[in-house]
file entry30.cif (mmCIF, C-alpha atoms and all ligand atoms)
data_final
loop_
_atom_site.group_PDB
_atom_site.id
_atom_site.type_symbol
_atom_site.label_atom_id
_atom_site.label_comp_id
_atom_site.auth_asym_id
_atom_site.auth_seq_id
_atom_site.Cartn_x
_atom_site.Cartn_y
_atom_site.Cartn_z
ATOM 1 C CA MET A 21 54.109 142.830 74.449
ATOM 2 C CA THR A 22 53.369 144.143 77.893
ATOM 3 C CA GLU A 23 49.904 143.447 79.178
ATOM 4 C CA ALA A 24 48.173 146.428 80.679
ATOM 5 C CA PRO A 25 47.867 145.987 84.424
ATOM 6 C CA ASP A 26 44.551 146.440 86.187
ATOM 7 C CA SER A 27 45.559 149.750 87.652
ATOM 8 C CA VAL A 28 46.550 152.461 85.256
ATOM 9 C CA ILE A 29 47.191 155.094 87.882
ATOM 10 C CA CYS A 30 50.722 156.456 88.001
ATOM 11 C CA SER A 31 52.972 154.619 90.474
ATOM 12 C CA ALA A 32 54.764 157.763 91.617
ATOM 13 C CA LYS A 33 54.143 158.536 95.266
ATOM 14 C CA GLY A 34 51.157 160.777 95.717
ATOM 15 C CA CYS A 35 50.359 160.970 92.032
ATOM 16 C CA THR A 36 46.837 160.158 90.953
ATOM 17 C CA ALA A 37 47.262 160.853 87.255
ATOM 18 C CA VAL A 38 46.390 158.208 84.725
ATOM 19 C CA GLY A 39 49.520 156.396 83.597
ATOM 20 C CA VAL A 40 50.448 156.228 79.958
ATOM 21 C CA TYR A 41 53.719 154.309 80.247
ATOM 22 C CA ALA A 42 54.700 150.962 81.666
ATOM 23 C CA VAL A 43 58.130 151.170 83.270
ATOM 24 C CA VAL A 44 59.398 147.599 83.258
ATOM 25 C CA TRP A 45 62.086 146.609 85.734
ATOM 26 C CA ASN A 46 63.705 143.721 87.558
ATOM 27 C CA ASN A 47 65.829 143.624 90.668
ATOM 28 C CA PRO A 48 68.290 140.784 90.066
ATOM 29 C CA LYS A 49 68.947 140.426 93.783
ATOM 30 C CA ILE A 50 65.373 139.476 94.608
ATOM 31 C CA HIS A 51 63.702 138.573 91.335
ATOM 32 C CA ASP A 52 64.192 135.723 88.929
ATOM 33 C CA PRO A 53 65.709 136.881 85.633
ATOM 34 C CA ASP A 54 62.481 136.245 83.748
ATOM 35 C CA ARG A 55 60.354 138.117 86.265
ATOM 36 C CA GLU A 56 59.266 141.547 85.199
ATOM 37 C CA LYS A 57 57.893 144.177 87.529
ATOM 38 C CA THR A 58 55.900 147.032 86.107
ATOM 39 C CA TRP A 59 55.384 150.541 87.348
ATOM 40 C CA ILE A 60 52.853 152.755 85.707
ATOM 41 C CA ALA A 61 53.953 156.269 84.909
ATOM 42 C CA CYS A 62 52.130 159.339 83.777
ATOM 43 C CA GLU A 63 53.722 161.689 81.282
ATOM 44 C CA GLU A 64 55.137 163.791 84.091
ATOM 45 C CA HIS A 65 56.727 160.950 86.075
ATOM 46 C CA ARG A 66 58.062 158.761 83.296
ATOM 47 C CA GLN A 67 61.512 160.336 83.545
ATOM 48 C CA TYR A 68 61.514 160.322 87.331
ATOM 49 C CA LEU A 69 60.564 156.678 87.684
ATOM 50 C CA SER A 70 62.772 155.401 84.903
ATOM 51 C CA HIS A 71 65.787 157.336 86.195
ATOM 52 C CA PHE A 72 65.147 156.054 89.695
ATOM 53 C CA LEU A 73 65.322 152.478 88.443
ATOM 54 C CA ASP A 74 68.095 153.097 85.954
ATOM 55 C CA ARG A 75 70.390 154.476 88.667
ATOM 56 C CA ARG A 76 70.028 151.167 90.470
ATOM 57 C CA GLY A 77 70.480 149.103 87.335
ATOM 58 C CA PHE A 78 66.936 147.763 87.496
ATOM 59 C CA LEU A 79 65.398 149.383 84.450
ATOM 60 C CA ARG A 80 64.607 147.185 81.489
ATOM 61 C CA ARG A 81 62.461 149.301 79.246
ATOM 62 C CA VAL A 82 59.640 151.780 79.063
ATOM 63 C CA ASP A 83 56.591 150.823 77.034
ATOM 64 C CA ARG A 84 53.803 153.066 75.915
ATOM 65 C CA LEU A 85 50.493 151.728 77.193
ATOM 66 C CA GLY A 86 47.982 150.928 74.524
ATOM 67 C CA GLN A 87 45.168 153.417 74.872
ATOM 68 C CA GLY A 88 44.606 154.525 71.335
ATOM 69 C CA GLU A 89 41.052 153.470 70.787
HETATM 70 ZN ZN ZN A 101 52.584 160.652 87.899
#
call {"tool": "encode", "arguments": {"input": "entry30.cif", "output": "structure tokens", "more": "lines below"}}
Ligand SMILES: [Zn+2]
result
Amino acid sequence: MTEAPDSVICSAKGCTAVGVYAVVWNNPKIHDPDREKTWIACEEHRQYLSHFLDRRGFLRRVDRLGQGE
């Protein structure tokens, strides 16, 4: 389970859309293996952000944020 961060605004530069995905990543050069960083992504930027991290080998997974109330 990924806990929803306080901010649910998309992490993409300049984007102010509400995020609906948690892009979970870890940079092994600077983070402990059990440390997980989270970027928030809107529908539009999910691909962009996950590809950005995946190219660098940082991407772990993409979780859908729980908003279905
Ligand atoms: Zn966005």
call {"tool": "closest_residue", "arguments": {"input": "entry30.cif", "among": "A:Gly86, A:His71, A:His65, A:Trp45", "to": "ligand ZN 101 (chain A)", "atoms": "only C-alpha atoms and all ligand atoms"}}
result
A:His65
call {"tool": "closest_residue", "arguments": {"input": "entry30.cif", "among": "A:Val44, A:Ile50, A:Val28, A:Ala61", "to": "ligand ZN 101 (chain A)", "atoms": "all atoms listed in the file"}}
result
A:Ala61
call {"tool": "closest_residue", "arguments": {"input": "entry30.cif", "among": "A:Tyr68, A:Ala32, A:Ile60, A:Val43", "to": "Val82 (chain A)", "atoms": "all atoms listed in the file"}}
result
A:Val43
call {"tool": "closest_atom_pairs", "arguments": {"input": "entry30.cif", "of": "chain A", "to": "ligand ZN 101 (chain A)", "cutoff": "8 Å", "atoms": "all atoms listed in the file", "output": "Markdown table"}}
result
| residue | atom | partner | partner_atom | distance |
| --- | --- | --- | --- | --- |
| A:Ile29 | CA | A:ZN101 | ZN | 7.7 |
| A:Cys30 | CA | A:ZN101 | ZN | 4.6 |
| A:Ser31 | CA | A:ZN101 | ZN | 6.6 |
| A:Ala32 | CA | A:ZN101 | ZN | 5.2 |
| A:Lys33 | CA | A:ZN101 | ZN | 7.8 |
| A:Gly34 | CA | A:ZN101 | ZN | 7.9 |
| A:Cys35 | CA | A:ZN101 | ZN | 4.7 |
| A:Thr36 | CA | A:ZN101 | ZN | 6.5 |
| A:Ala37 | CA | A:ZN101 | ZN | 5.4 |
| A:Val38 | CA | A:ZN101 | ZN | 7.4 |
| A:Gly39 | CA | A:ZN101 | ZN | 6.8 |
| A:Ala61 | CA | A:ZN101 | ZN | 5.5 |
| A:Cys62 | CA | A:ZN101 | ZN | 4.3 |
| A:Glu63 | CA | A:ZN101 | ZN | 6.8 |
| A:Glu64 | CA | A:ZN101 | ZN | 5.6 |
| A:His65 | CA | A:ZN101 | ZN | 4.5 |
| A:Arg66 | CA | A:ZN101 | ZN | 7.4 |
call {"tool": "atom_distance", "arguments": {"input": "entry30.cif", "atom1": "CA of Pro48 (chain A)", "atom2": "CA of Arg84 (chain A)"}}
result
23.7 Å
call {"tool": "closest_residue", "arguments": {"input": "entry30.cif", "among": "A:Val40, A:Arg75, A:Gln67, A:Arg80", "to": "Pro53 (chain A)", "atoms": "all atoms listed in the file"}}
result
A:Arg80
call {"tool": "atom_distance", "arguments": {"input": "entry30.cif", "atom1": "CA of Phe72 (chain A)", "atom2": "CA of His51 (chain A)"}}
result
17.6 Å
call {"tool": "atom_distance", "arguments": {"input": "entry30.cif", "atom1": "CA of Asp54 (chain A)", "atom2": "CA of Leu69 (chain A)"}}
result
20.9 Å
call {"tool": "resolve_selection", "arguments": {"input": "entry30.cif", "expression": "the PyMOL selection byres (((chain A and resi 56) around 6) and not hetatm)", "output": "tab-separated table (two decimals) with C-alpha atoms, in the coordinates of the input"}}
result
chain	number	residue	atom	x	y	z
A	45	TRP	CA	62.09	146.61	85.73
A	46	ASN	CA	63.70	143.72	87.56
A	55	ARG	CA	60.35	138.12	86.26
A	57	LYS	CA	57.89	144.18	87.53
